[in-house]
Structures are given as C-alpha cells and as structure tokens.
Amino acid sequence: MYKTKKVKIGNISIGGGLPVRVQSMTKTETADWKATVNQIKKLEDAGCEIIRLAVPDMESASALSKIKKNIKIPLVADIHFDWRLAVEAIKQGVDKIRINPGNIGSRENIEKIISAAKKRKIPIRIGVNAGSLKILKKSGNWIKMSQQERAKQMVTELMENIQTFEDMNFTNIVVSLKANDVSTTVLANKLFSKKRNYPIHLGITEAGTEFSGITKSAAAFGILLNQGIGDTIRVSLTAEPLEEVRAGWGILKALDLRKRGVEIVSCPTCGRCETDLIKIVNRLERRLSTVNYQPSTVPIKVAIMGCVVNGPGEAKDADIGIAGGKGFGLLFRKGNPVKKIPQEKWIDEILRLLKKPNNPSAAADGD
Ligand code: SF4
C-alpha cells in the first residue's frame, strides 16, 4: 500500500494514511473578500475541507488575511506567473501555496517563494498540468505524443521541480499531476507514486460540465484511490462550487473511503413501478442537499423502491426505507415495517425522521 508523508495544512493534516480530503475552489473575485467568505462558509457547511482561491493580483493577495480570519477551513492560495503574489499571500497568513513552477519563471523566483514558505512553515503544492508543460513551448509535437509519453513527461518535469525544492531542504511538499483525460492523469499519478512519497492531490483539469466532469473524475479517482493513490481530491466542474463538494463526497462515499450524510438507494424503475419514483427521488435529493438535513459526519441510508418485488428487501436493508405500492408505501425503519404512508407524504416523512435527534445513524466517520 502506497503511504505518503503526512503534511499539515492549517488545522488539518493530509497524507500518511489519513482520510482523503475534499477540496474545492472559490469562484468569486478574491478581492471581494465578503463575497468570497460567504461562498466559503457555504462550502464549509457542505463538507469542503480545504479551500483554494485564485490570487491573480495584489488586490486579491491583500484580501487574504481578512478571508482567513473569517473561515474555519485551511486556505490555499493559487498563484501563477508572479512570485511576489505568492510571497504576499504567505505574509497574509494562508495555510498553503499552490504554484506551477513552470510559469513562475526563473529558479531564483521559485526560491524566493520557497524561502517565504519555509519561514512560515507552510507547505507548497507543486502542480504540473499536462497543458502547461515546458516541452510544449519547445516542441510542436505534443499532439503526436501518446498518453504514456505525456504522463512520463509530466512526471519528469515534476521531478525536476521537486529537485529545486529539495536542493533547498524544503520537503513540505504536496504534488498534483493533472490532465484533462482520465488515462494520462491515472498513468502520471501511478508513475509518480513509485518515485516519491509526497501527498498527492487528485484532479482532472478542464473536466467540463457537471456530467462530464463528475464522470471523468469518478473514473480517474476510482482507479487511483482504489490503489491507495491520492490524499485530497477536487472535482473541477464548470458549475457552482457546491456541486464540486457534493460530487467529491459522492465519489469518496461510493468508494467506501468516507462516510457522510445521507445515501439514497433507489431502484431504476421498470414496468412494475406504480409510483412516480424518478420525480420523488430527485425531489428528495434536492431537499437533502440543504445542510439542515445533512448531518456532518453521520451516514444514513435511505431506500426508496418502486414496487413490492424488490422493494421490501432493499427498504429493510436501509436505516429508513419505503417500498412503493399504488398510491402508498410501506415505511421501514432499521428493517422493521412501521406503517403505510400515502405517496405524497413520503418525502416529508423521511425528512421528519432524519431531523430527529436520535436519527438512525449507523456509525461516525473514521477521521
Ligand atoms: Fe421495477 Fe420494482 Fe425493481 Fe423498481 S423495485 S426496478 S419497480 S421491479
């Protein structure tokens, strides 16, 4: 089993066999610190454990201490091109810096960032993306490279960057190797995991819309996490950041790596279904996405099934289950039939049971 070095980011640690953490990135203008804090608070409630934000200019960098003071989760500054922004972000009190050394310029500039991070004892994530490799600037042959060659090149450039850090005795490092396709991302991360034990942040770059981004991320993260590779994840989506956090948790829950909130089990429906199950389950999922019904660390399984063929079996297996019939459903709690309820009351009844302080939780998260 691949075990990484433990790295502290603000008030949490990653790596070293700790639970895989869910990250996201703000989509507000960082300089608008109030809007940014508001967005981060919503993400915290949804289960975001580390938040990164873009620092494109000095105005944004200057807002970081105010943002930091008003949030609970570790704050990561994402810096491109200008080492001065990184140094200012470190001064402002961020918990980690993410840079792509390939666009920071000279080794001297990178060293200035490393020195500042060393003084404040904060980690730096070295992020190498397939689309911004140095080789791209030198050669127009990128298109002709196979996924294996691309992955190899990403790891080569990452290792060169790591060398600069290690030459300065800086090992407070997190890495990421991202591409916009699953195979290259998987190959690069697998290759790197054989070389060094720095914690790995997983992501797919430019993953696309909710559908495409979640599909690609789930495929890549599933392969890697199943092999013990990956310490933090971000599901990058062209969508609201809350969706990224929901998807991140969804993937970790599906892989049985973390437990949180409500898991909905429902049947696909078929010709035997006597209820409008698709509508009901979607409505329930929407209602559950609000934090009031989403206990922070307590996993609960809710099953809603379309008919009496497989319904009772699955419903019995859940903490709360409903096996549908024509216009009504049989409610189960922890495997025991409780009562019949009319279809239009299913959601309210489930939500009522979930809100009860003694809700039928199974176990707490293993953090
Ligand atoms: Fe069809 Fe009933 Fe199975 Fe749902 S539970 S898929 S309605 S047989």
# chains A, B, ... in the order shown; residues from 1 in each chain; ligands from 1
>>> residues_around(residues="Cys273 (chain A)", least_positions_apart="2", cutoff="12 Å", atoms="only C-alpha atoms", output="number ranges by chain")
A: 266-271, 275-278, 304-311, 323-327, 329
>>> write_last_selection(atoms="N, CA, C and O atoms", output="JSON list (two decimals), in the first residue's frame")
[["chain", "number", "residue", "atom", "x", "y", "z"],
["A", 266, "SER", "N", -32.14, 3.84, -4.59],
["A", 266, "SER", "CA", -33.45, 3.78, -5.25],
["A", 266, "SER", "C", -33.34, 2.89, -6.48],
["A", 266, "SER", "O", -32.26, 2.75, -7.06],
["A", 267, "CYS", "N", -34.43, 2.32, -6.85],
["A", 267, "CYS", "CA", -34.40, 1.39, -7.99],
["A", 267, "CYS", "C", -34.50, 2.18, -9.30],
["A", 267, "CYS", "O", -34.91, 3.33, -9.31],
["A", 268, "PRO", "N", -34.12, 1.56, -10.40],
["A", 268, "PRO", "CA", -34.15, 2.29, -11.68],
["A", 268, "PRO", "C", -35.57, 2.47, -12.24],
["A", 268, "PRO", "O", -35.75, 3.16, -13.24],
["A", 269, "THR", "N", -36.53, 1.83, -11.60],
["A", 269, "THR", "CA", -37.94, 1.71, -12.05],
["A", 269, "THR", "C", -38.03, 0.81, -13.29],
["A", 269, "THR", "O", -37.06, 0.66, -14.04],
["A", 270, "CYS", "N", -39.19, 0.24, -13.47],
["A", 270, "CYS", "CA", -39.46, -0.58, -14.67],
["A", 270, "CYS", "C", -40.98, -0.64, -14.85],
["A", 270, "CYS", "O", -41.71, 0.11, -14.19],
["A", 271, "GLY", "N", -41.43, -1.53, -15.68],
["A", 271, "GLY", "CA", -42.86, -1.62, -15.97],
["A", 271, "GLY", "C", -43.71, -1.98, -14.76],
["A", 271, "GLY", "O", -44.93, -1.84, -14.80],
["A", 275, "THR", "N", -45.37, 4.07, -8.96],
["A", 275, "THR", "CA", -45.28, 5.44, -8.43],
["A", 275, "THR", "C", -44.43, 6.28, -9.38],
["A", 275, "THR", "O", -43.75, 5.73, -10.24],
["A", 276, "ASP", "N", -44.49, 7.59, -9.18],
["A", 276, "ASP", "CA", -43.65, 8.48, -9.99],
["A", 276, "ASP", "C", -42.29, 8.59, -9.30],
["A", 276, "ASP", "O", -41.90, 9.65, -8.79],
["A", 277, "LEU", "N", -41.57, 7.48, -9.27],
["A", 277, "LEU", "CA", -40.37, 7.37, -8.44],
["A", 277, "LEU", "C", -39.27, 8.35, -8.84],
["A", 277, "LEU", "O", -38.60, 8.93, -7.99],
["A", 278, "ILE", "N", -39.08, 8.53, -10.14],
["A", 278, "ILE", "CA", -37.97, 9.39, -10.60],
["A", 278, "ILE", "C", -38.15, 10.80, -10.02],
["A", 278, "ILE", "O", -37.23, 11.40, -9.46],
["A", 304, "ILE", "N", -35.60, 4.13, -1.39],
["A", 304, "ILE", "CA", -36.97, 4.29, -1.90],
["A", 304, "ILE", "C", -37.10, 3.39, -3.12],
["A", 304, "ILE", "O", -36.35, 3.54, -4.10],
["A", 305, "MET", "N", -38.01, 2.46, -3.06],
["A", 305, "MET", "CA", -38.13, 1.45, -4.10],
["A", 305, "MET", "C", -39.51, 1.53, -4.75],
["A", 305, "MET", "O", -40.49, 1.86, -4.10],
["A", 306, "GLY", "N", -39.53, 1.17, -6.04],
["A", 306, "GLY", "CA", -40.73, 1.42, -6.83],
["A", 306, "GLY", "C", -41.88, 0.44, -6.67],
["A", 306, "GLY", "O", -43.02, 0.78, -6.98],
["A", 307, "CYS", "N", -41.62, -0.77, -6.19],
["A", 307, "CYS", "CA", -42.72, -1.72, -6.11],
["A", 307, "CYS", "C", -42.44, -2.78, -5.05],
["A", 307, "CYS", "O", -41.41, -2.75, -4.39],
["A", 308, "VAL", "N", -43.33, -3.71, -4.94],
["A", 308, "VAL", "CA", -43.20, -4.71, -3.88],
["A", 308, "VAL", "C", -42.32, -5.91, -4.27],
["A", 308, "VAL", "O", -42.11, -6.80, -3.47],
["A", 309, "VAL", "N", -41.79, -5.91, -5.51],
["A", 309, "VAL", "CA", -40.98, -7.06, -5.92],
["A", 309, "VAL", "C", -39.63, -7.06, -5.19],
["A", 309, "VAL", "O", -39.31, -7.95, -4.42],
["A", 310, "ASN", "N", -38.83, -5.99, -5.42],
["A", 310, "ASN", "CA", -37.55, -5.88, -4.72],
["A", 310, "ASN", "C", -37.62, -4.86, -3.59],
["A", 310, "ASN", "O", -36.70, -4.75, -2.80],
["A", 311, "GLY", "N", -38.69, -4.12, -3.56],
["A", 311, "GLY", "CA", -38.82, -3.02, -2.61],
["A", 311, "GLY", "C", -38.58, -3.39, -1.16],
["A", 311, "GLY", "O", -37.67, -2.85, -0.53],
["A", 323, "ALA", "N", -41.02, 0.98, 0.55],
["A", 323, "ALA", "CA", -41.31, 0.10, -0.57],
["A", 323, "ALA", "C", -42.63, 0.56, -1.16],
["A", 323, "ALA", "O", -43.67, 0.54, -0.48],
["A", 324, "GLY", "N", -42.57, 1.03, -2.42],
["A", 324, "GLY", "CA", -43.76, 1.64, -3.03],
["A", 324, "GLY", "C", -44.84, 0.65, -3.42],
["A", 324, "GLY", "O", -44.57, -0.51, -3.71],
["A", 325, "GLY", "N", -46.07, 1.14, -3.41],
["A", 325, "GLY", "CA", -47.22, 0.42, -3.92],
["A", 325, "GLY", "C", -48.07, 1.44, -4.65],
["A", 325, "GLY", "O", -47.64, 2.57, -4.86],
["A", 326, "LYS", "N", -49.25, 1.06, -5.05],
["A", 326, "LYS", "CA", -50.09, 2.01, -5.80],
["A", 326, "LYS", "C", -50.63, 3.10, -4.87],
["A", 326, "LYS", "O", -51.51, 2.84, -4.04],
["A", 327, "GLY", "N", -50.03, 4.29, -4.96],
["A", 327, "GLY", "CA", -50.51, 5.43, -4.16],
["A", 327, "GLY", "C", -50.06, 5.43, -2.71],
["A", 327, "GLY", "O", -50.32, 6.37, -1.98],
["A", 329, "GLY", "N", -46.97, 3.67, 0.34],
["A", 329, "GLY", "CA", -45.69, 2.98, 0.51],
["A", 329, "GLY", "C", -45.60, 2.43, 1.91],
["A", 329, "GLY", "O", -46.20, 2.98, 2.84]]
>>> select_by_dssp(residues="region 47-171 of chain A", states="strand (DSSP E)", output="MDAnalysis selection string")
chainID A and resid 50:54 75:79 96:99 124:129
>>> closest_residue(among="A:Ala63, A:Gln227, A:Ile14, A:Arg84", to="Glu29 (chain A)", atoms="only C-alpha atoms")
A:Ala63
>>> residues_around(residues="region 182-189 of chain A", least_positions_apart="5", cutoff="12 Å", atoms="only C-alpha atoms", output="PyMOL selection string")
chain A and resi 2+127-131+145-159+175-177+194-207+212-231
>>> residues_around(residues="Thr164 (chain A)", least_positions_apart="4", cutoff="8 Å", atoms="only C-alpha atoms", output="ChimeraX atom specification")
/A:107,111,160,168
>>> residues_around(residues="Arg283 (chain A)", least_positions_apart="2", cutoff="12 Å", atoms="only C-alpha atoms", output="PyMOL selection string")
chain A and resi 264+276-281+285-290+344+346-348+350-351
>>> closest_residue(among="A:Ile251, A:Asn103, A:Ala89, A:Ile67", to="Ala35 (chain A)", atoms="only C-alpha atoms")
A:Ile67
>>> closest_residue(among="A:Pro337, A:Gly16, A:Gly208, A:Gly313", to="ligand 1", atoms="only C-alpha atoms and all ligand atoms")
A:Gly313
>>> atom_distance(atom1="CA of Ala31 (chain A)", atom2="CA of Leu242 (chain A)")
20.4 Å
>>> residues_around(residues="region 38-45 of chain A", least_positions_apart="6", cutoff="9 Å", atoms="only C-alpha atoms", output="PyMOL selection string")
chain A and resi 24-28+51+70-73+241-242+245+291+296
>>> write_last_selection(atoms="N, CA, C and O atoms", output="mmCIF file, in the first residue's frame")
data_model
loop_
_atom_site.group_PDB
_atom_site.id
_atom_site.type_symbol
_atom_site.label_atom_id
_atom_site.label_comp_id
_atom_site.auth_asym_id
_atom_site.auth_seq_id
_atom_site.Cartn_x
_atom_site.Cartn_y
_atom_site.Cartn_z
ATOM 1 N N SER A 24 -12.249 22.248 -2.699
ATOM 2 C CA SER A 24 -12.901 22.942 -3.797
ATOM 3 C C SER A 24 -12.167 24.260 -3.994
ATOM 4 O O SER A 24 -11.192 24.546 -3.302
ATOM 5 N N MET A 25 -12.677 25.023 -4.952
ATOM 6 C CA MET A 25 -12.052 26.311 -5.238
ATOM 7 C C MET A 25 -13.156 27.358 -5.339
ATOM 8 O O MET A 25 -14.231 27.072 -5.890
ATOM 9 N N THR A 26 -12.907 28.533 -4.814
ATOM 10 C CA THR A 26 -13.935 29.580 -4.887
ATOM 11 C C THR A 26 -14.070 30.078 -6.319
ATOM 12 O O THR A 26 -13.135 29.969 -7.121
ATOM 13 N N LYS A 27 -15.245 30.638 -6.608
ATOM 14 C CA LYS A 27 -15.473 31.159 -7.954
ATOM 15 C C LYS A 27 -15.862 32.637 -7.903
ATOM 16 O O LYS A 27 -16.357 33.199 -8.875
ATOM 17 N N THR A 28 -15.655 33.241 -6.753
ATOM 18 C CA THR A 28 -15.892 34.676 -6.607
ATOM 19 C C THR A 28 -14.614 35.416 -6.958
ATOM 20 O O THR A 28 -13.563 34.802 -7.099
ATOM 21 N N ILE A 51 -9.952 24.849 1.148
ATOM 22 C CA ILE A 51 -10.436 25.709 0.072
ATOM 23 C C ILE A 51 -9.269 26.460 -0.580
ATOM 24 O O ILE A 51 -8.396 26.984 0.087
ATOM 25 N N ASN A 70 -12.055 34.906 8.721
ATOM 26 C CA ASN A 70 -13.496 34.659 8.774
ATOM 27 C C ASN A 70 -13.932 33.257 8.375
ATOM 28 O O ASN A 70 -15.121 33.002 8.213
ATOM 29 N N ILE A 71 -12.979 32.359 8.181
ATOM 30 C CA ILE A 71 -13.345 30.990 7.793
ATOM 31 C C ILE A 71 -12.687 29.979 8.728
ATOM 32 O O ILE A 71 -11.756 30.315 9.455
ATOM 33 N N LYS A 72 -13.191 28.734 8.658
ATOM 34 C CA LYS A 72 -12.644 27.706 9.563
ATOM 35 C C LYS A 72 -11.664 26.760 8.869
ATOM 36 O O LYS A 72 -10.782 26.213 9.497
ATOM 37 N N ILE A 73 -11.888 26.524 7.575
ATOM 38 C CA ILE A 73 -11.070 25.506 6.897
ATOM 39 C C ILE A 73 -9.767 26.112 6.348
ATOM 40 O O ILE A 73 -9.688 27.328 6.147
ATOM 41 N N PRO A 241 -19.496 25.789 -7.059
ATOM 42 C CA PRO A 241 -18.536 25.001 -6.266
ATOM 43 C C PRO A 241 -19.209 24.016 -5.310
ATOM 44 O O PRO A 241 -18.640 22.980 -4.986
ATOM 45 N N LEU A 242 -20.438 24.319 -4.895
ATOM 46 C CA LEU A 242 -21.154 23.377 -4.021
ATOM 47 C C LEU A 242 -21.297 22.019 -4.687
ATOM 48 O O LEU A 242 -21.238 20.976 -4.042
ATOM 49 N N VAL A 245 -18.190 19.965 -4.269
ATOM 50 C CA VAL A 245 -18.064 19.339 -2.947
ATOM 51 C C VAL A 245 -18.999 18.135 -2.849
ATOM 52 O O VAL A 245 -18.614 17.057 -2.380
ATOM 53 N N VAL A 291 -28.235 21.918 3.975
ATOM 54 C CA VAL A 291 -27.430 21.433 5.107
ATOM 55 C C VAL A 291 -28.256 20.946 6.293
ATOM 56 O O VAL A 291 -27.824 20.078 7.020
ATOM 57 N N SER A 296 -23.320 16.268 9.649
ATOM 58 C CA SER A 296 -21.958 16.457 9.163
ATOM 59 C C SER A 296 -21.164 15.161 9.040
ATOM 60 O O SER A 296 -20.400 14.984 8.125
#
>>> atom_distance(atom1="CA of Leu136 (chain A)", atom2="CA of Gln23 (chain A)")
28.7 Å
>>> select_by_dssp(residues="region 106-199 of chain A", states="alpha helix (DSSP H)", output="PyMOL selection string")
chain A and resi 107-120+134-138+147-167+182-193
>>> write_last_selection(atoms="C-alpha atoms", output="mmCIF file, in the first residue's frame")
data_model
loop_
_atom_site.group_PDB
_atom_site.id
_atom_site.type_symbol
_atom_site.label_atom_id
_atom_site.label_comp_id
_atom_site.auth_asym_id
_atom_site.auth_seq_id
_atom_site.Cartn_x
_atom_site.Cartn_y
_atom_site.Cartn_z
ATOM 1 C CA ARG A 107 14.760 29.313 -10.349
ATOM 2 C CA GLU A 108 15.623 32.433 -8.324
ATOM 3 C CA ASN A 109 11.938 33.427 -8.227
ATOM 4 C CA ILE A 110 10.890 29.960 -7.152
ATOM 5 C CA GLU A 111 13.489 30.066 -4.409
ATOM 6 C CA LYS A 112 12.019 33.300 -3.054
ATOM 7 C CA ILE A 113 8.665 31.544 -2.643
ATOM 8 C CA ILE A 114 10.293 28.523 -1.028
ATOM 9 C CA SER A 115 12.170 30.732 1.475
ATOM 10 C CA ALA A 116 8.985 32.568 2.473
ATOM 11 C CA ALA A 117 7.056 29.294 2.920
ATOM 12 C CA LYS A 118 9.912 27.807 4.918
ATOM 13 C CA LYS A 119 9.879 30.746 7.330
ATOM 14 C CA ARG A 120 6.164 30.345 7.963
ATOM 15 C CA LYS A 134 7.787 23.158 -20.685
ATOM 16 C CA ILE A 135 8.136 20.739 -23.575
ATOM 17 C CA LEU A 136 5.071 22.352 -25.147
ATOM 18 C CA LYS A 137 6.939 25.611 -25.548
ATOM 19 C CA LYS A 138 9.892 23.890 -27.164
ATOM 20 C CA GLN A 147 -0.787 9.247 -23.301
ATOM 21 C CA GLN A 148 2.082 7.230 -21.811
ATOM 22 C CA GLU A 149 4.638 9.686 -23.182
ATOM 23 C CA ARG A 150 2.670 12.649 -21.903
ATOM 24 C CA ALA A 151 2.350 11.103 -18.453
ATOM 25 C CA LYS A 152 6.062 10.362 -18.393
ATOM 26 C CA GLN A 153 6.889 13.925 -19.389
ATOM 27 C CA MET A 154 4.618 15.311 -16.649
ATOM 28 C CA VAL A 155 6.434 13.222 -14.057
ATOM 29 C CA THR A 156 9.849 14.199 -15.462
ATOM 30 C CA GLU A 157 9.008 17.904 -15.148
ATOM 31 C CA LEU A 158 7.527 17.423 -11.683
ATOM 32 C CA MET A 159 10.668 15.624 -10.539
ATOM 33 C CA GLU A 160 12.810 18.477 -11.881
ATOM 34 C CA ASN A 161 10.718 20.916 -9.882
ATOM 35 C CA ILE A 162 10.910 18.791 -6.774
ATOM 36 C CA GLN A 163 14.683 18.793 -7.119
ATOM 37 C CA THR A 164 14.717 22.598 -6.808
ATOM 38 C CA PHE A 165 12.723 22.344 -3.589
ATOM 39 C CA GLU A 166 14.781 19.515 -2.160
ATOM 40 C CA ASP A 167 18.014 21.348 -3.006
ATOM 41 C CA VAL A 182 -8.534 10.015 -17.383
ATOM 42 C CA SER A 183 -5.772 7.821 -18.822
ATOM 43 C CA THR A 184 -2.992 10.420 -18.749
ATOM 44 C CA THR A 185 -3.968 11.507 -15.231
ATOM 45 C CA VAL A 186 -4.008 7.931 -13.969
ATOM 46 C CA LEU A 187 -0.732 7.000 -15.658
ATOM 47 C CA ALA A 188 1.092 10.097 -14.406
ATOM 48 C CA ASN A 189 -0.045 9.674 -10.807
ATOM 49 C CA LYS A 190 0.772 5.979 -10.766
ATOM 50 C CA LEU A 191 4.208 6.672 -12.153
ATOM 51 C CA PHE A 192 4.894 9.393 -9.598
ATOM 52 C CA SER A 193 3.714 7.287 -6.681
#
>>> atom_distance(atom1="CA of Trp249 (chain A)", atom2="CA of Asn282 (chain A)")
17.9 Å
>>> residues_around(residues="Lys68 (chain A)", least_positions_apart="2", cutoff="12 Å", atoms="only C-alpha atoms", output="PyMOL selection string")
chain A and resi 10+30+33-34+36-37+40-41+50-53+61-66+70-77+89-96
>>> write_last_selection(atoms="N, CA, C and O atoms", output="compact mmCIF listing (two decimals), in the first residue's frame")
# COMPACT_ATOMS: atom_id res chain seq x y z
N GLY A 10 -2.71 24.16 7.77
CA GLY A 10 -3.54 24.86 8.77
C GLY A 10 -3.92 23.91 9.89
O GLY A 10 -3.06 23.24 10.47
N THR A 30 -11.61 37.13 -5.70
CA THR A 30 -10.97 37.04 -4.38
C THR A 30 -10.90 38.41 -3.71
O THR A 30 -11.06 38.52 -2.48
N TRP A 33 -13.66 40.27 -0.73
CA TRP A 33 -13.45 39.30 0.35
C TRP A 33 -14.75 38.88 1.02
O TRP A 33 -14.89 37.74 1.46
N LYS A 34 -15.74 39.79 1.07
CA LYS A 34 -17.00 39.43 1.73
C LYS A 34 -17.73 38.35 0.93
O LYS A 34 -18.21 37.36 1.49
N THR A 36 -16.39 36.30 -1.09
CA THR A 36 -15.58 35.08 -1.03
C THR A 36 -15.80 34.34 0.28
O THR A 36 -15.97 33.11 0.30
N VAL A 37 -15.83 35.09 1.39
CA VAL A 37 -16.08 34.46 2.69
C VAL A 37 -17.46 33.79 2.69
O VAL A 37 -17.62 32.66 3.15
N ILE A 40 -17.27 30.58 0.86
CA ILE A 40 -16.51 29.56 1.61
C ILE A 40 -17.35 29.00 2.75
O ILE A 40 -17.33 27.80 3.02
N LYS A 41 -18.11 29.86 3.42
CA LYS A 41 -18.93 29.36 4.53
C LYS A 41 -19.95 28.33 4.04
O LYS A 41 -20.20 27.32 4.69
N ILE A 50 -10.83 21.76 2.52
CA ILE A 50 -9.71 22.65 2.18
C ILE A 50 -10.20 23.54 1.04
O ILE A 50 -10.78 23.03 0.09
N ILE A 51 -9.95 24.85 1.15
CA ILE A 51 -10.44 25.71 0.07
C ILE A 51 -9.27 26.46 -0.58
O ILE A 51 -8.40 26.98 0.09
N ARG A 52 -9.29 26.46 -1.89
CA ARG A 52 -8.25 27.15 -2.66
C ARG A 52 -8.90 28.34 -3.34
O ARG A 52 -10.07 28.29 -3.72
N LEU A 53 -8.14 29.40 -3.49
CA LEU A 53 -8.67 30.52 -4.26
C LEU A 53 -7.60 31.12 -5.16
O LEU A 53 -6.41 31.05 -4.88
N ALA A 61 -4.37 39.42 -3.28
CA ALA A 61 -3.44 38.96 -2.24
C ALA A 61 -3.69 39.71 -0.94
O ALA A 61 -3.66 39.12 0.15
N SER A 62 -3.97 41.01 -1.04
CA SER A 62 -4.17 41.82 0.17
C SER A 62 -5.45 41.47 0.90
O SER A 62 -5.63 41.84 2.07
N ALA A 63 -6.38 40.80 0.22
CA ALA A 63 -7.66 40.44 0.86
C ALA A 63 -7.55 39.14 1.67
O ALA A 63 -8.46 38.78 2.41
N LEU A 64 -6.44 38.44 1.51
CA LEU A 64 -6.36 37.07 2.06
C LEU A 64 -6.45 37.00 3.59
O LEU A 64 -7.08 36.10 4.13
N SER A 65 -5.84 37.96 4.29
CA SER A 65 -5.88 37.85 5.76
C SER A 65 -7.31 38.03 6.27
O SER A 65 -7.72 37.37 7.22
N LYS A 66 -8.08 38.91 5.61
CA LYS A 66 -9.48 39.11 6.03
C LYS A 66 -10.28 37.83 5.78
O LYS A 66 -11.11 37.43 6.58
N ASN A 70 -12.06 34.91 8.72
CA ASN A 70 -13.50 34.66 8.77
C ASN A 70 -13.93 33.26 8.38
O ASN A 70 -15.12 33.00 8.21
N ILE A 71 -12.98 32.36 8.18
CA ILE A 71 -13.35 30.99 7.79
C ILE A 71 -12.69 29.98 8.73
O ILE A 71 -11.76 30.31 9.45
N LYS A 72 -13.19 28.73 8.66
CA LYS A 72 -12.64 27.71 9.56
C LYS A 72 -11.66 26.76 8.87
O LYS A 72 -10.78 26.21 9.50
N ILE A 73 -11.89 26.52 7.57
CA ILE A 73 -11.07 25.51 6.90
C ILE A 73 -9.77 26.11 6.35
O ILE A 73 -9.69 27.33 6.15
N PRO A 74 -8.76 25.27 6.12
CA PRO A 74 -7.49 25.79 5.61
C PRO A 74 -7.64 26.50 4.26
O PRO A 74 -8.41 26.06 3.39
N LEU A 75 -6.87 27.57 4.13
CA LEU A 75 -6.95 28.43 2.94
C LEU A 75 -5.68 28.25 2.09
O LEU A 75 -4.57 28.38 2.59
N VAL A 76 -5.90 27.99 0.82
CA VAL A 76 -4.78 27.76 -0.10
C VAL A 76 -4.79 28.82 -1.19
O VAL A 76 -5.83 29.05 -1.82
N ALA A 77 -3.65 29.46 -1.39
CA ALA A 77 -3.56 30.49 -2.44
C ALA A 77 -3.00 29.88 -3.71
O ALA A 77 -1.95 29.22 -3.69
N ALA A 89 0.92 36.46 -0.31
CA ALA A 89 -0.10 35.53 0.22
C ALA A 89 0.41 34.84 1.48
O ALA A 89 -0.33 34.66 2.46
N ILE A 90 1.67 34.48 1.47
CA ILE A 90 2.27 33.82 2.64
C ILE A 90 2.27 34.80 3.82
O ILE A 90 1.91 34.44 4.94
N LYS A 91 2.63 36.04 3.55
CA LYS A 91 2.61 37.08 4.60
C LYS A 91 1.22 37.26 5.17
O LYS A 91 1.03 37.51 6.35
N GLN A 92 0.23 37.15 4.31
CA GLN A 92 -1.17 37.37 4.72
C GLN A 92 -1.72 36.21 5.56
O GLN A 92 -2.82 36.28 6.07
N GLY A 93 -0.98 35.12 5.64
CA GLY A 93 -1.38 34.05 6.56
C GLY A 93 -2.06 32.84 5.93
O GLY A 93 -2.70 32.07 6.64
N VAL A 94 -1.92 32.64 4.61
CA VAL A 94 -2.55 31.45 4.03
C VAL A 94 -1.87 30.19 4.56
O VAL A 94 -0.75 30.23 5.05
N ASP A 95 -2.58 29.07 4.44
CA ASP A 95 -2.08 27.82 5.03
C ASP A 95 -1.28 26.98 4.05
O ASP A 95 -0.61 26.03 4.44
N LYS A 96 -1.37 27.32 2.78
CA LYS A 96 -0.63 26.56 1.76
C LYS A 96 -0.61 27.39 0.49
O LYS A 96 -1.52 28.21 0.26
>>> closest_residue(among="A:Ile124, A:Val235, A:Leu353, A:Ile322", to="Lys340 (chain A)", atoms="only C-alpha atoms")
A:Ile322
>>> decode(residues="region 80-91 of chain A", atoms="N, CA, C and O atoms", output="PDB file, in the first residue's frame")
ATOM      1  N   HIS A  80      -0.106  32.011 -10.045  1.00  0.00           N
ATOM      2  CA  HIS A  80       0.538  31.794 -11.346  1.00  0.00           C
ATOM      3  C   HIS A  80       1.389  33.015 -11.684  1.00  0.00           C
ATOM      4  O   HIS A  80       1.045  34.139 -11.315  1.00  0.00           O
ATOM      5  N   PHE A  81       2.451  32.778 -12.376  1.00  0.00           N
ATOM      6  CA  PHE A  81       3.297  33.812 -13.003  1.00  0.00           C
ATOM      7  C   PHE A  81       4.141  34.688 -12.058  1.00  0.00           C
ATOM      8  O   PHE A  81       5.291  34.933 -12.339  1.00  0.00           O
ATOM      9  N   ASP A  82       3.563  35.203 -10.991  1.00  0.00           N
ATOM     10  CA  ASP A  82       4.249  36.250 -10.239  1.00  0.00           C
ATOM     11  C   ASP A  82       4.615  35.791  -8.823  1.00  0.00           C
ATOM     12  O   ASP A  82       3.742  35.631  -7.967  1.00  0.00           O
ATOM     13  N   TRP A  83       5.915  35.620  -8.568  1.00  0.00           N
ATOM     14  CA  TRP A  83       6.367  35.144  -7.258  1.00  0.00           C
ATOM     15  C   TRP A  83       5.968  36.110  -6.131  1.00  0.00           C
ATOM     16  O   TRP A  83       5.756  35.715  -4.991  1.00  0.00           O
ATOM     17  N   ARG A  84       5.858  37.414  -6.492  1.00  0.00           N
ATOM     18  CA  ARG A  84       5.519  38.418  -5.454  1.00  0.00           C
ATOM     19  C   ARG A  84       4.146  38.161  -4.850  1.00  0.00           C
ATOM     20  O   ARG A  84       3.907  38.397  -3.677  1.00  0.00           O
ATOM     21  N   LEU A  85       3.235  37.656  -5.675  1.00  0.00           N
ATOM     22  CA  LEU A  85       1.886  37.344  -5.162  1.00  0.00           C
ATOM     23  C   LEU A  85       1.964  36.213  -4.142  1.00  0.00           C
ATOM     24  O   LEU A  85       1.257  36.208  -3.130  1.00  0.00           O
ATOM     25  N   ALA A  86       2.831  35.246  -4.430  1.00  0.00           N
ATOM     26  CA  ALA A  86       2.989  34.108  -3.501  1.00  0.00           C
ATOM     27  C   ALA A  86       3.563  34.591  -2.179  1.00  0.00           C
ATOM     28  O   ALA A  86       3.080  34.221  -1.094  1.00  0.00           O
ATOM     29  N   VAL A  87       4.577  35.430  -2.249  1.00  0.00           N
ATOM     30  CA  VAL A  87       5.211  35.919  -1.019  1.00  0.00           C
ATOM     31  C   VAL A  87       4.214  36.749  -0.208  1.00  0.00           C
ATOM     32  O   VAL A  87       4.121  36.626   1.016  1.00  0.00           O
ATOM     33  N   GLU A  88       3.428  37.570  -0.888  1.00  0.00           N
ATOM     34  CA  GLU A  88       2.418  38.381  -0.183  1.00  0.00           C
ATOM     35  C   GLU A  88       1.345  37.472   0.440  1.00  0.00           C
ATOM     36  O   GLU A  88       0.926  37.682   1.575  1.00  0.00           O
ATOM     37  N   ALA A  89       0.916  36.458  -0.309  1.00  0.00           N
ATOM     38  CA  ALA A  89      -0.103  35.528   0.217  1.00  0.00           C
ATOM     39  C   ALA A  89       0.410  34.844   1.481  1.00  0.00           C
ATOM     40  O   ALA A  89      -0.329  34.665   2.456  1.00  0.00           O
ATOM     41  N   ILE A  90       1.672  34.476   1.466  1.00  0.00           N
ATOM     42  CA  ILE A  90       2.270  33.822   2.645  1.00  0.00           C
ATOM     43  C   ILE A  90       2.267  34.803   3.818  1.00  0.00           C
ATOM     44  O   ILE A  90       1.915  34.444   4.940  1.00  0.00           O
ATOM     45  N   LYS A  91       2.629  36.045   3.547  1.00  0.00           N
ATOM     46  CA  LYS A  91       2.614  37.080   4.600  1.00  0.00           C
ATOM     47  C   LYS A  91       1.221  37.257   5.175  1.00  0.00           C
ATOM     48  O   LYS A  91       1.029  37.508   6.352  1.00  0.00           O
TER      49      LYS A  91
END
